[in-house]
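Engineer: Quick one: the structure is below, and I'll ask about it shortly.
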Amino acid sequence: MPDLFFLIFGIVVGIIGLPLLLVELYSLIVCRERVEAKVVDFKVQSNIIRGSVIHMFSPILEYEVDGKPYTGVSPFSSRFEGKYPIGSTLVIFASKKNPENYRFEGRFGGLIAGAIITAISALFIVLYFI
């Protein structure tokens with residue numbers, strides 16, 4: 001019975017890790033067009049945590065791909081509005097076919113997390129068969 005735990009745990013963890021890894025790899029392969037995006041505004045999300053209001057600022061970006069303008073909201077947010085000042089530029093990599101899809105330069109956390117979670121999943125599945 002304990003051996004079955006390794007298999008079930010490995011499969012459950014794989015269900016989480018493998019899609020994350022595949023999405024990040026897809027983004028790395030498809031989003032190849034280097035573009036400078038300008039921070040033009042912020043999307044503000046307010047949360048109440050332990051009775052205090054916490055504001056999270058997500059930069060709204062404007063960028064161009066093949067001369068056509070696009071706008072997007074960063075998936076990253078900060079508690080500090082000054083981390084991404086209005087008018088500053090960020091480097092993104094956009095997809096040529098679908099420029100609304102983009103990734104940020106130097107952001108590999110999802111790829112690394114997906115790889116680690118998938119490796120742990122594979123380890124537990126292999127332990128089941130040993």
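Residues are referred to by chain and number: the chain letter is A, B, ... according to the order shown in the structure tokens, the number counts from 1 in that chain, and ligands are numbered separately from 1 in the order shown.
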Could you pull out the residues in chain A that DSSP calls strand (DSSP E or B) from the backbone, as number ranges by chain?

Structural biologist: A: 31-49, 52-65, 68-73, 78, 89-95, 102-104

Engineer: So that I can check the surroundings of A:Ile125, please list as a list in words every protein, DNA and RNA residue that reaches within 7 Å of it, counting only C-alpha atoms and ignoring chain neighbours fewer than 5 positions away.

Structural biologist: Phe6, Leu7 and Gly10 of chain A

Engineer: Using only C-alpha atoms for the distances, tell me which of A:Asp66, A:Asp41, A:Asp3, A:Glu36 is nearest to A:Asn98.

Structural biologist: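 With only C-alpha atoms as the atom set, the closest residue is A:Asp66.
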
Engineer: Go ahead and compute the interatomic distance for atom CA of A:Lys38 and atom CA of A:Ile86, in Å to one decimal.

Structural biologist: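 Taking atom CA of A:Lys38 as the start and atom CA of A:Ile86 as the end point, the length is 7.8 Å.
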
Engineer: Within 6 Å of A:Cys31, counting only C-alpha atoms, which residues show up once you throw out same-chain ones fewer than 3 positions away? Write them as a CSV table (one decimal) with N, CA and C atoms, in the first residue's frame, please.

Structural biologist:
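Once written, out.csv looks like this:
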chain,number,residue,atom,x,y,z
A,27,SER,N,5.9,29.3,-24.4
A,27,SER,CA,6.1,30.8,-24.4
A,27,SER,C,7.6,31.1,-24.8
A,28,LEU,N,8.5,30.3,-24.3
A,28,LEU,CA,9.9,30.6,-24.7
A,28,LEU,C,10.2,30.3,-26.1
A,93,PHE,N,9.3,39.9,-24.8
A,93,PHE,CA,9.4,39.1,-26.1
A,93,PHE,C,8.0,38.7,-26.5
A,94,ALA,N,7.6,39.2,-27.6
A,94,ALA,CA,6.2,39.0,-28.1
A,94,ALA,C,6.2,37.9,-29.2
A,95,SER,N,5.0,37.3,-29.4
A,95,SER,CA,4.8,36.4,-30.5
A,95,SER,C,4.5,37.1,-31.7
A,102,TYR,N,3.0,37.5,-24.7
A,102,TYR,CA,4.4,38.0,-24.5
A,102,TYR,C,4.9,37.4,-23.2

Engineer: Taking the backbone alone, and naming residues the way the document does, which bits of chain A are alpha helix (DSSP H) by DSSP, as an MDAnalysis selection string?

Structural biologist: chainID A and resid 2:30 109:129

Engineer: So the first atom is atom CA of A:Ile49 and the second is atom CA of A:Pro75; what is the distance between them in Å, to one decimal place?

Structural biologist: 20.7 Å

Engineer: So which one's closest to A:Gly87, A:Pro59, A:Gly51, A:Gly109, A:Pro19? Using only C-alpha atoms, please.

Structural biologist: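 Between A:Pro59, A:Gly51, A:Gly109, A:Pro19, the residue approaching A:Gly87 most closely is A:Pro59.
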
Engineer: What separation in Å, quoted to one decimal, exists between atom CA of A:Lys83 and atom CA of A:Val39?

Structural biologist: 10.9 Å

Engineer: Can you tell me which residues surround A:Arg79 at a distance of at most 12 Å, considering only C-alpha atoms, apart from same-chain residues fewer than 2 positions away, and format the answer as a list of chain:residue names?

Structural biologist: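 Residues meeting the cut-off are A:Phe42, A:Lys43, A:Val44, A:Gln45, A:Ser46, A:Asn47, A:Val53, A:Ile54, A:His55, A:Met56, A:Phe57, A:Ser58, A:Pro59, A:Phe76, A:Ser77, A:Glu81, A:Gly82, A:Lys83, A:Tyr84.
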
Engineer: Write out as an MDAnalysis selection string the residues lying within 10 Å of A:Leu22, counting only C-alpha atoms and excluding same-chain residues fewer than 4 positions away.

Structural biologist: chainID A and resid 17:18 26:28 111 114:115

Engineer: Those selected residues, please, written with N, CA and C atoms and delivered as an mmCIF file, in the first residue's frame.

Structural biologist:
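Contents of selection_15.cif, freshly written:
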data_model
loop_
_atom_site.group_PDB
_atom_site.id
_atom_site.type_symbol
_atom_site.label_atom_id
_atom_site.label_comp_id
_atom_site.auth_asym_id
_atom_site.auth_seq_id
_atom_site.Cartn_x
_atom_site.Cartn_y
_atom_site.Cartn_z
ATOM 1 N N GLY A 17 2.811 20.026 -12.354
ATOM 2 C CA GLY A 17 4.104 20.464 -12.880
ATOM 3 C C GLY A 17 4.244 20.416 -14.386
ATOM 4 N N LEU A 18 3.731 19.361 -15.013
ATOM 5 C CA LEU A 18 3.924 19.203 -16.458
ATOM 6 C C LEU A 18 3.249 20.308 -17.268
ATOM 7 N N TYR A 26 6.509 26.606 -24.211
ATOM 8 C CA TYR A 26 5.796 27.145 -25.369
ATOM 9 C C TYR A 26 6.031 28.653 -25.481
ATOM 10 N N SER A 27 5.917 29.345 -24.370
ATOM 11 C CA SER A 27 6.147 30.791 -24.354
ATOM 12 C C SER A 27 7.575 31.117 -24.765
ATOM 13 N N LEU A 28 8.520 30.332 -24.309
ATOM 14 C CA LEU A 28 9.929 30.551 -24.654
ATOM 15 C C LEU A 28 10.179 30.336 -26.142
ATOM 16 N N LEU A 111 9.363 28.477 -15.502
ATOM 17 C CA LEU A 111 10.057 27.378 -16.189
ATOM 18 C C LEU A 111 10.832 26.524 -15.187
ATOM 19 N N GLY A 114 8.317 24.646 -12.946
ATOM 20 C CA GLY A 114 7.717 23.543 -13.696
ATOM 21 C C GLY A 114 8.672 22.375 -13.854
ATOM 22 N N ALA A 115 9.941 22.678 -14.131
ATOM 23 C CA ALA A 115 10.945 21.617 -14.290
ATOM 24 C C ALA A 115 11.179 20.872 -12.976
#

Engineer: Pick the closest to A:Val13 from A:Glu105, A:Phe124, A:Pro99, A:Ile130: which is it, counting only C-alpha atoms?

Structural biologist: A:Phe124

Engineer: Using only C-alpha atoms, pick whichever of A:Ile120, A:Val91, A:Ala113, A:Val126 has the shortest atom-to-atom distance to A:Val12.

Structural biologist: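 Distance minimum relative to A:Val12 lands on A:Ile120.
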